$ cat final-v2.csv   # CSV, C-alpha atoms
chain,number,residue,atom,x,y,z
C,29,MET,CA,-137.1,-216.8,41.8
C,30,THR,CA,-140.3,-215.6,43.4
C,31,LYS,CA,-141.0,-212.1,44.4
C,32,ALA,CA,-143.8,-210.8,46.6
C,33,GLY,CA,-145.3,-208.8,43.7
C,34,SER,CA,-145.8,-211.9,41.6
C,35,LYS,CA,-147.7,-213.8,44.3
C,36,GLY,CA,-150.6,-212.3,46.2
C,37,GLY,CA,-151.0,-209.1,44.1
C,38,ASN,CA,-149.7,-205.7,44.9
C,39,LEU,CA,-147.8,-205.0,48.2
C,40,ARG,CA,-150.2,-202.2,49.0
C,41,ASP,CA,-152.9,-204.8,49.2
C,42,LYS,CA,-151.0,-206.6,52.0
C,43,LEU,CA,-150.4,-203.5,54.0
C,44,ASP,CA,-152.5,-203.4,57.2
C,45,GLY,CA,-152.0,-200.1,58.8
C,46,ASN,CA,-148.3,-199.9,59.4
C,47,GLU,CA,-147.7,-203.7,59.2
C,48,LEU,CA,-146.7,-205.5,56.0
C,49,ASP,CA,-146.8,-209.3,56.2
C,50,LEU,CA,-144.7,-211.1,53.6
C,51,SER,CA,-144.2,-214.3,55.5
C,52,LEU,CA,-144.7,-217.7,53.9
C,53,SER,CA,-144.4,-216.0,50.5
C,54,ASP,CA,-141.7,-218.4,49.2
C,55,LEU,CA,-139.4,-215.3,48.7
C,56,ASN,CA,-135.8,-215.8,47.4
C,57,GLU,CA,-135.0,-212.1,47.5
C,58,VAL,CA,-136.4,-209.0,49.1
C,59,PRO,CA,-138.4,-206.6,46.9
C,60,VAL,CA,-136.5,-203.5,48.2
C,61,LYS,CA,-137.8,-201.0,45.7
C,62,GLU,CA,-141.4,-201.9,46.4
C,63,LEU,CA,-140.8,-201.7,50.1
C,64,ALA,CA,-139.0,-198.3,49.8
C,65,ALA,CA,-142.2,-197.0,48.2
C,66,LEU,CA,-144.2,-197.9,51.4
C,67,PRO,CA,-142.6,-195.8,54.1
C,68,LYS,CA,-145.7,-196.3,56.3
C,69,ALA,CA,-144.8,-200.0,56.6
C,70,THR,CA,-142.7,-199.7,59.7
C,71,VAL,CA,-143.4,-203.3,60.7
C,72,LEU,CA,-142.2,-205.9,58.2
C,73,ASP,CA,-142.6,-209.7,58.5
C,74,LEU,CA,-140.3,-211.7,56.1
C,75,SER,CA,-140.3,-214.9,58.2
C,76,CYS,CA,-140.5,-218.4,56.8
C,77,ASN,CA,-139.1,-217.6,53.3
C,78,LYS,CA,-136.0,-218.8,51.4
C,79,LEU,CA,-133.8,-215.7,51.9
C,80,SER,CA,-130.1,-216.5,52.0
C,81,THR,CA,-128.9,-212.9,51.7
C,82,LEU,CA,-130.1,-209.4,52.0
C,83,PRO,CA,-129.2,-206.9,49.4
C,84,SER,CA,-127.0,-203.9,50.4
C,85,ASP,CA,-129.8,-201.5,49.5
C,86,PHE,CA,-132.1,-203.2,52.1
C,87,CYS,CA,-130.3,-201.0,54.6
C,88,SER,CA,-131.9,-197.9,53.0
C,89,LEU,CA,-135.3,-199.0,54.6
C,90,THR,CA,-134.5,-196.8,57.6
C,91,HIS,CA,-138.2,-196.4,58.4
C,92,LEU,CA,-138.4,-199.9,59.8
C,93,VAL,CA,-139.1,-200.3,63.5
C,94,LYS,CA,-139.9,-203.9,63.7
C,95,LEU,CA,-138.3,-206.6,61.5
C,96,ASP,CA,-138.9,-210.4,61.5
C,97,LEU,CA,-136.4,-212.4,59.5
C,98,SER,CA,-136.8,-215.7,61.4
C,99,LYS,CA,-136.8,-219.1,59.8
C,100,ASN,CA,-134.8,-218.2,56.6
C,101,LYS,CA,-131.4,-219.2,55.4
C,102,LEU,CA,-129.5,-216.0,56.1
C,103,GLN,CA,-125.7,-216.6,56.5
C,104,GLN,CA,-124.8,-213.0,57.1
C,105,LEU,CA,-126.3,-209.5,57.4
C,106,PRO,CA,-125.2,-206.6,55.2
C,107,ALA,CA,-122.2,-204.6,56.4
C,108,ASP,CA,-124.3,-201.4,56.6
C,109,PHE,CA,-127.1,-203.1,58.7
C,110,GLY,CA,-126.5,-200.5,61.4
C,111,ARG,CA,-128.1,-197.8,59.1
C,112,LEU,CA,-131.5,-199.1,60.3
C,113,VAL,CA,-131.2,-196.8,63.3
C,114,ASN,CA,-135.0,-196.8,64.0
C,115,LEU,CA,-135.1,-200.5,64.5
C,116,GLN,CA,-136.4,-201.6,67.9
C,117,HIS,CA,-137.4,-205.2,67.4
C,118,LEU,CA,-135.4,-207.7,65.5
C,119,ASP,CA,-136.1,-211.4,65.1
C,120,LEU,CA,-133.3,-213.5,63.6
C,121,LEU,CA,-134.4,-216.9,65.0
C,122,ASN,CA,-133.4,-220.1,63.1
C,123,ASN,CA,-131.0,-218.8,60.4
C,124,LYS,CA,-127.4,-219.6,59.6
C,125,LEU,CA,-125.7,-216.6,61.1
C,126,VAL,CA,-122.2,-217.0,62.7
C,127,THR,CA,-121.3,-213.3,63.3
C,128,LEU,CA,-123.0,-209.9,63.2
C,129,PRO,CA,-121.6,-206.9,61.3
C,130,VAL,CA,-119.7,-204.3,63.4
C,131,SER,CA,-122.2,-201.7,62.3
C,132,PHE,CA,-124.8,-203.6,64.4
C,133,ALA,CA,-123.5,-201.5,67.3
C,134,GLN,CA,-125.2,-198.4,65.7
C,135,LEU,CA,-128.7,-199.8,66.4
C,136,LYS,CA,-129.0,-197.6,69.5
C,137,ASN,CA,-132.9,-198.0,69.6
C,138,LEU,CA,-132.8,-201.8,69.5
C,139,LYS,CA,-134.8,-203.1,72.6
C,140,TRP,CA,-135.6,-206.7,71.6
C,141,LEU,CA,-133.4,-209.3,69.9
C,142,ASP,CA,-133.7,-213.1,69.3
C,143,LEU,CA,-130.6,-215.0,68.0
C,144,LYS,CA,-131.6,-218.5,69.0
C,145,ASP,CA,-131.0,-221.5,66.7
C,146,ASN,CA,-128.0,-219.9,64.8
C,147,PRO,CA,-124.5,-221.4,64.6
C,148,LEU,CA,-123.2,-218.3,66.4
C,149,ASP,CA,-119.5,-217.7,67.3
C,150,PRO,CA,-119.1,-219.1,70.8
C,151,VAL,CA,-118.3,-215.7,72.3
C,152,LEU,CA,-121.3,-214.1,70.6
C,153,ALA,CA,-123.5,-217.0,71.6
C,154,LYS,CA,-122.5,-216.6,75.3
C,155,VAL,CA,-123.1,-212.9,75.2
C,156,ALA,CA,-126.6,-213.3,73.5
C,157,GLY,CA,-127.8,-216.0,75.9
C,158,ASP,CA,-131.4,-217.3,75.6
C,159,CYS,CA,-134.5,-215.5,74.4
C,160,LEU,CA,-137.2,-217.6,75.9
C,161,ASP,CA,-139.3,-214.7,77.2
C,162,GLU,CA,-139.7,-210.9,76.8
C,163,LYS,CA,-137.1,-210.2,79.5
C,164,GLN,CA,-134.4,-212.4,78.1
C,165,CYS,CA,-134.9,-211.0,74.6
C,166,LYS,CA,-134.5,-207.5,75.9
C,167,GLN,CA,-131.4,-208.5,77.8
C,168,CYS,CA,-130.1,-210.2,74.6
C,169,ALA,CA,-130.5,-206.9,72.7
C,170,ASN,CA,-128.8,-204.9,75.4
C,171,LYS,CA,-125.9,-207.3,75.9
C,172,VAL,CA,-125.3,-207.8,72.2
C,173,LEU,CA,-125.3,-204.1,71.6
C,174,GLN,CA,-122.7,-203.6,74.3
C,175,HIS,CA,-120.6,-206.5,72.9
C,176,MET,CA,-120.7,-205.1,69.4
C,177,LYS,CA,-119.8,-201.6,70.7
C,178,ALA,CA,-116.8,-203.2,72.4
C,179,VAL,CA,-115.9,-205.1,69.2
C,180,GLN,CA,-116.3,-201.8,67.2
C,181,ALA,CA,-114.0,-200.0,69.7
C,182,ASP,CA,-111.4,-202.8,69.4
C,183,GLN,CA,-111.5,-202.7,65.7
C,184,GLU,CA,-111.2,-198.9,65.7
C,185,ARG,CA,-108.2,-199.1,68.0
C,186,GLU,CA,-106.7,-201.7,65.8
C,187,ARG,CA,-107.4,-199.5,62.7
C,188,GLN,CA,-105.8,-196.6,64.5
C,189,ARG,CA,-102.8,-198.7,65.4
C,190,ARG,CA,-102.4,-199.9,61.8
C,191,LEU,CA,-102.7,-196.3,60.7
C,192,GLU,CA,-100.0,-195.3,63.2
C,193,VAL,CA,-97.8,-198.1,62.1
C,194,GLU,CA,-98.3,-197.1,58.4
C,195,ARG,CA,-97.6,-193.5,59.3
C,196,GLU,CA,-94.4,-194.4,61.1
C,197,ALA,CA,-93.3,-196.6,58.2
C,198,GLU,CA,-94.1,-193.8,55.8
C,199,LYS,CA,-92.0,-191.4,58.0
C,200,LYS,CA,-89.1,-193.9,57.9
C,201,ARG,CA,-89.4,-194.2,54.2
C,202,GLU,CA,-89.5,-190.5,53.8
C,203,ALA,CA,-86.5,-190.1,56.1
C,204,LYS,CA,-84.6,-192.8,54.2
C,205,GLN,CA,-85.4,-191.2,50.9
C,206,GLN,CA,-84.3,-187.8,52.2
C,207,ALA,CA,-81.1,-189.2,53.5
C,208,LYS,CA,-80.5,-190.9,50.1
C,209,GLU,CA,-81.2,-187.7,48.3
C,210,ALA,CA,-78.9,-185.7,50.6
C,211,LYS,CA,-76.2,-188.3,50.0
C,212,GLU,CA,-76.7,-188.1,46.3
C,213,ARG,CA,-76.5,-184.3,46.4
C,214,GLU,CA,-73.3,-184.5,48.5
C,215,LEU,CA,-71.8,-186.9,46.0
C,216,ARG,CA,-72.7,-184.7,43.1
C,217,LYS,CA,-71.3,-181.7,44.9
C,218,ARG,CA,-68.0,-183.6,45.6
C,219,GLU,CA,-67.8,-184.8,42.0
C,220,LYS,CA,-68.4,-181.3,40.7
C,221,ALA,CA,-65.6,-180.0,43.0
C,222,GLU,CA,-63.2,-182.7,41.9
C,223,GLU,CA,-64.0,-182.0,38.2
C,224,LYS,CA,-63.5,-178.3,38.8
C,225,GLU,CA,-60.1,-179.0,40.5
C,226,ARG,CA,-59.1,-181.3,37.6
C,227,ARG,CA,-59.9,-178.7,35.0
C,228,ARG,CA,-58.1,-176.0,37.0
C,229,LYS,CA,-55.0,-178.2,37.1
C,230,GLU,CA,-55.2,-178.8,33.4
C,231,TYR,CA,-55.6,-175.1,32.8
C,232,ASP,CA,-52.5,-174.3,35.0
C,233,ALA,CA,-50.5,-177.1,33.2
C,234,GLN,CA,-51.5,-175.6,29.8
C,235,LYS,CA,-50.5,-172.1,30.9
C,236,ALA,CA,-47.1,-173.4,32.2
C,237,SER,CA,-46.5,-175.3,29.0
C,238,LYS,CA,-47.3,-172.2,27.0
C,239,ARG,CA,-44.9,-170.1,29.0
C,240,GLU,CA,-42.1,-172.8,28.5
C,241,GLN,CA,-42.8,-172.7,24.8
C,242,GLU,CA,-42.5,-168.9,24.7
C,243,LYS,CA,-39.2,-169.0,26.6
C,244,LYS,CA,-37.5,-171.6,24.3
C,245,PRO,CA,-37.3,-169.4,21.1
C,246,LYS,CA,-35.7,-166.5,23.1
C,247,LYS,CA,-32.9,-168.8,24.4
C,248,GLU,CA,-32.2,-170.1,20.9
C,249,THR,CA,-32.1,-166.5,19.6
C,250,ASN,CA,-29.6,-165.5,22.4
C,251,GLN,CA,-27.4,-168.5,21.8
C,252,ALA,CA,-27.3,-168.4,18.0
C,253,PRO,CA,-24.6,-165.5,17.7
C,254,LYS,CA,-22.3,-167.1,20.2
C,255,SER,CA,-22.2,-170.3,18.2
C,256,LYS,CA,-21.0,-168.3,15.1
C,257,SER,CA,-18.2,-166.2,16.8
C,258,GLY,CA,-16.9,-167.6,20.1
C,259,SER,CA,-18.0,-171.2,20.2
C,260,ARG,CA,-15.5,-174.0,20.2
C,261,PRO,CA,-14.7,-175.6,16.8
C,262,ARG,CA,-16.5,-178.7,16.3
C,263,LYS,CA,-14.5,-181.9,16.5
C,264,PRO,CA,-13.8,-183.5,13.2
C,265,PRO,CA,-15.8,-186.5,12.5
C,266,PRO,CA,-14.1,-189.7,13.6
C,267,ARG,CA,-12.4,-191.7,11.0
C,268,LYS,CA,-14.4,-194.4,9.4
C,269,HIS,CA,-11.7,-197.1,10.1
C,270,THR,CA,-11.1,-196.4,13.8
C,271,ARG,CA,-12.7,-199.7,14.9
C,272,SER,CA,-10.5,-201.7,12.4
C,273,TRP,CA,-7.3,-200.1,13.7
C,274,VAL,CA,-8.2,-200.8,17.3
C,275,VAL,CA,-8.9,-204.5,16.5
C,276,LEU,CA,-5.5,-204.7,14.6
C,277,LYS,CA,-3.6,-203.2,17.5
C,278,VAL,CA,-5.2,-205.6,19.9
C,279,LEU,CA,-4.3,-208.5,17.7
C,280,LEU,CA,-0.7,-207.3,17.5
C,281,LEU,CA,-0.5,-206.9,21.2
C,282,LEU,CA,-1.8,-210.4,21.8
C,283,LEU,CA,0.8,-211.7,19.3
C,284,LEU,CA,3.6,-209.9,21.1
C,285,LEU,CA,2.4,-211.3,24.4
C,286,CYS,CA,2.4,-214.8,23.0
C,287,VAL,CA,6.0,-214.4,21.6
C,288,ALA,CA,7.2,-212.9,24.9
C,289,GLY,CA,5.5,-215.7,26.8
C,290,GLY,CA,7.1,-218.4,24.6
C,291,LEU,CA,10.5,-216.7,24.9
C,292,VAL,CA,10.3,-216.6,28.7
C,293,ALA,CA,9.2,-220.3,28.8
C,294,CYS,CA,12.2,-221.3,26.6
C,295,ARG,CA,14.8,-219.4,28.6
C,296,VAL,CA,13.5,-219.9,32.2
C,297,THR,CA,11.7,-223.2,32.4
C,298,ARG,CA,12.8,-226.8,31.7
C,299,LEU,CA,11.6,-226.4,28.1
C,300,GLN,CA,14.9,-224.5,27.2
C,301,HIS,CA,16.6,-227.8,26.2
C,302,GLN,CA,13.9,-228.7,23.8
C,303,PRO,CA,14.7,-228.5,20.1
C,304,LEU,CA,12.1,-225.7,19.5
C,305,CYS,CA,13.3,-223.7,22.4
C,306,ASN,CA,17.0,-224.1,21.3
C,307,SER,CA,16.0,-222.5,18.0
C,308,VAL,CA,14.1,-219.7,19.8
C,309,ASN,CA,17.1,-219.1,22.2
C,310,THR,CA,19.5,-218.9,19.2
C,311,ILE,CA,17.3,-216.4,17.4
C,312,TYR,CA,17.0,-214.3,20.6
C,313,ASP,CA,20.8,-214.4,21.2
C,314,ASN,CA,21.6,-213.4,17.7
C,315,ALA,CA,19.1,-210.6,17.8
C,316,VAL,CA,20.5,-209.3,21.1
C,317,GLN,CA,24.1,-209.4,19.8
C,318,GLY,CA,23.0,-207.6,16.7
C,319,LEU,CA,21.4,-204.8,18.6
C,320,ARG,CA,24.2,-204.3,21.3
C,321,HIS,CA,25.9,-201.7,19.2
C,322,HIS,CA,23.0,-199.4,19.9
C,323,GLU,CA,23.7,-197.5,23.1
C,324,ILE,CA,20.1,-197.1,24.1
C,325,LEU,CA,19.3,-200.8,23.6
C,326,GLN,CA,22.6,-201.7,25.4
C,327,TRP,CA,21.5,-199.6,28.4
C,328,VAL,CA,18.1,-201.2,28.4
C,329,LEU,CA,19.6,-204.7,28.3
C,330,GLN,CA,22.0,-203.9,31.1
C,331,THR,CA,19.3,-202.5,33.2
C,332,ASP,CA,17.2,-205.6,32.5
C,333,SER,CA,20.1,-207.9,33.3
C,334,GLN,CA,20.7,-206.1,36.6
C,335,GLN,CA,17.1,-206.5,37.6
$ encode --input "final-v2.csv" --output "structure tokens"
Amino acid sequence: MTKAGSKGGNLRDKLDGNELDLSLSDLNEVPVKELAALPKATVLDLSCNKLSTLPSDFCSLTHLVKLDLSKNKLQQLPADFGRLVNLQHLDLLNNKLVTLPVSFAQLKNLKWLDLKDNPLDPVLAKVAGDCLDEKQCKQCANKVLQHMKAVQADQERERQRRLEVEREAEKKREAKQQAKEAKERELRKREKAEEKERRRKEYDAQKASKREQEKKPKKETNQAPKSKSGSRPRKPPPRKHTRSWVVLKVLLLLLLLCVAGGLVACRVTRLQHQPLCNSVNTIYDNAVQGLRHHEILQWVLQTDSQQ
């Protein structure tokens, strides 16, 4: 990488009045520090070198009035190129520039500009036009400055629009957050009230239960003497064999019903001529004859026969 200081001696030796000629110096980069030490060099010629970029601190050379960067390999200019506010003459012929930085609009003193032989954006190329003579180059400077001011204004409006959109989005987020917080506060308040109501009900239930427990001993105390003096005597415990007696009575009743049924069948139905029924009828007749001497039984039998 070649610098001006390593080829052709000190930069001061090349300074001619206010002009510093570093053209055809095979430069790959600009010696910004050395140039900054020469504020008298308001005219700087860097044409016909191998410069592909300009360092950002190049824009600190605000003393420059005339700058020739033609016939290099510059693909873009620094974003702060507009800081060179004293620049009046700028030659960018035959580079690889496509666009210009927005800050270019700040070069209010620019009177002469050449952008020929660059792959410019079609819109910018149409605005710049040709620079074949002094008049066209001055027109190029004026038109490009107006165009870049319009671009700068459009970008500023777009920036303001984005800021407004961001502010609106931020307001919506804040409103949403506030609504969420208010909802959470309301929910906590409702839960707190429900918890308070639940605890109050539990307290009332405990108090009621305590009062009931306090009343029960008094009732037992008041009822205790009555049970000793005027209460009814307790029933004797049931006999242990009550269930057995009931079962026995039922069996006897069933037996009597069976005997009565058999007797009726033998005396009323066609079975009365059967040998078994003959025996049954004989036993019945003998029993009736034997019991006729009892008046009560006789009365019962008469009543039965009448029916």
$ closest_residue --input "final-v2.csv" --among "C:Leu285, C:Leu135, C:Val155, C:Cys165" --to "Asp108 in chain C" --atoms "only C-alpha atoms"
C:Leu135
$ closest_residue --input "final-v2.csv" --among "C:Met176, C:Ala233, C:Leu125, C:Leu152" --to "Pro106 in chain C" --atoms "only C-alpha atoms"
C:Leu125
$ residues_around --input "final-v2.csv" --residues "Gly110 in chain C" --least-positions-apart "5" --cutoff "6 Å" --atoms "only C-alpha atoms" --output "list in words"
Ser131, Phe132, Gln134 and Leu135 of chain C
$ closest_residue --input "final-v2.csv" --among "C:Val274, C:Leu48, C:Ala64, C:Val308" --to "Ser88 in chain C" --atoms "only C-alpha atoms"
C:Ala64
$ residues_around --input "final-v2.csv" --residues "Gln167 in chain C" --least-positions-apart "6" --cutoff "10 Å" --atoms "only C-alpha atoms" --output "ChimeraX atom specification"
/C:139-142,155-159,173
$ residues_near_point --input "final-v2.csv" --point "(-138.9, -199.3, 59.8)" --cutoff "8 Å" --atoms "all atoms listed in the file" --output "ChimeraX atom specification"
/C:67,69-72,89-95,112,114-115
$ atom_distance --input "final-v2.csv" --atom1 "CA of Cys76 in chain C" --atom2 "CA of Leu160 in chain C"
19.4 Å
$ atom_distance --input "final-v2.csv" --atom1 "CA of Gln183 in chain C" --atom2 "CA of Ala197 in chain C"
20.6 Å
$ build_atoms --input "final-v2.csv" --residues "range 176-187 of chain C" --atoms "all heavy atoms" --output "compact mmCIF listing (two decimals), keeping the file's coordinate frame"
# COMPACT_ATOMS: atom_id res chain seq x y z
N MET C 176 -121.11 -205.59 70.74
CA MET C 176 -120.70 -205.10 69.40
C MET C 176 -120.08 -203.73 69.49
O MET C 176 -119.20 -203.41 68.68
CB MET C 176 -121.97 -205.05 68.50
CG MET C 176 -122.59 -206.41 68.22
SD MET C 176 -121.40 -207.67 67.64
CE MET C 176 -120.81 -206.92 66.13
N LYS C 177 -120.48 -202.93 70.48
CA LYS C 177 -119.80 -201.60 70.70
C LYS C 177 -118.34 -201.87 71.09
O LYS C 177 -117.42 -201.17 70.63
CB LYS C 177 -120.51 -200.82 71.74
CG LYS C 177 -121.84 -200.23 71.27
CD LYS C 177 -122.51 -199.44 72.40
CE LYS C 177 -123.85 -198.87 71.92
NZ LYS C 177 -124.55 -198.12 73.01
N ALA C 178 -118.12 -202.87 71.96
CA ALA C 178 -116.80 -203.20 72.40
C ALA C 178 -115.94 -203.71 71.17
O ALA C 178 -114.77 -203.35 70.99
CB ALA C 178 -116.78 -204.25 73.48
N VAL C 179 -116.58 -204.56 70.36
CA VAL C 179 -115.90 -205.10 69.20
C VAL C 179 -115.56 -203.91 68.22
O VAL C 179 -114.46 -203.84 67.66
CB VAL C 179 -116.80 -206.11 68.43
CG1 VAL C 179 -116.20 -206.47 67.08
CG2 VAL C 179 -116.96 -207.36 69.29
N GLN C 180 -116.53 -203.00 68.06
CA GLN C 180 -116.30 -201.80 67.20
C GLN C 180 -115.15 -200.98 67.73
O GLN C 180 -114.30 -200.52 66.96
CB GLN C 180 -117.57 -201.01 67.10
CG GLN C 180 -117.48 -199.86 66.10
CD GLN C 180 -118.77 -199.07 66.04
OE1 GLN C 180 -119.35 -198.75 67.08
NE2 GLN C 180 -119.23 -198.76 64.84
N ALA C 181 -115.12 -200.80 69.07
CA ALA C 181 -114.00 -200.00 69.70
C ALA C 181 -112.68 -200.70 69.47
O ALA C 181 -111.67 -200.05 69.16
CB ALA C 181 -114.30 -199.80 71.15
N ASP C 182 -112.67 -202.03 69.64
CA ASP C 182 -111.40 -202.80 69.40
C ASP C 182 -110.95 -202.66 67.99
O ASP C 182 -109.75 -202.45 67.73
CB ASP C 182 -111.62 -204.25 69.79
CG ASP C 182 -111.79 -204.46 71.29
OD1 ASP C 182 -111.43 -203.55 72.06
OD2 ASP C 182 -112.32 -205.53 71.68
N GLN C 183 -111.89 -202.79 67.06
CA GLN C 183 -111.50 -202.70 65.70
C GLN C 183 -111.06 -201.27 65.33
O GLN C 183 -110.12 -201.09 64.53
CB GLN C 183 -112.70 -203.07 64.77
CG GLN C 183 -113.02 -204.55 64.79
CD GLN C 183 -114.02 -204.95 63.72
OE1 GLN C 183 -114.47 -204.11 62.95
NE2 GLN C 183 -114.37 -206.22 63.68
N GLU C 184 -111.67 -200.27 65.95
CA GLU C 184 -111.20 -198.90 65.70
C GLU C 184 -109.84 -198.66 66.25
O GLU C 184 -109.01 -198.01 65.60
CB GLU C 184 -112.23 -197.92 66.37
CG GLU C 184 -111.88 -196.46 66.19
CD GLU C 184 -111.90 -196.02 64.72
OE1 GLU C 184 -112.54 -196.70 63.90
OE2 GLU C 184 -111.26 -194.99 64.41
N ARG C 185 -109.58 -199.22 67.45
CA ARG C 185 -108.20 -199.10 68.00
C ARG C 185 -107.20 -199.81 67.12
O ARG C 185 -106.11 -199.29 66.89
CB ARG C 185 -108.19 -199.67 69.44
CG ARG C 185 -108.78 -198.75 70.48
CD ARG C 185 -108.42 -199.23 71.89
NE ARG C 185 -109.05 -200.53 72.17
CZ ARG C 185 -110.24 -200.67 72.73
NH1 ARG C 185 -110.95 -199.59 73.05
NH2 ARG C 185 -110.73 -201.87 72.99
N GLU C 186 -107.59 -201.00 66.65
CA GLU C 186 -106.70 -201.70 65.80
C GLU C 186 -106.47 -200.97 64.46
O GLU C 186 -105.34 -200.91 63.95
CB GLU C 186 -107.28 -203.11 65.46
CG GLU C 186 -106.43 -203.98 64.54
CD GLU C 186 -105.06 -204.31 65.10
OE1 GLU C 186 -104.89 -204.22 66.34
OE2 GLU C 186 -104.17 -204.65 64.32
N ARG C 187 -107.53 -200.34 63.97
CA ARG C 187 -107.40 -199.50 62.70
C ARG C 187 -106.46 -198.34 62.97
O ARG C 187 -105.60 -198.04 62.15
CB ARG C 187 -108.76 -199.06 62.28
CG ARG C 187 -108.76 -198.38 60.92
CD ARG C 187 -110.15 -197.93 60.54
NE ARG C 187 -110.58 -196.81 61.37
CZ ARG C 187 -110.27 -195.53 61.10
NH1 ARG C 187 -109.54 -195.24 60.03
NH2 ARG C 187 -110.70 -194.57 61.88
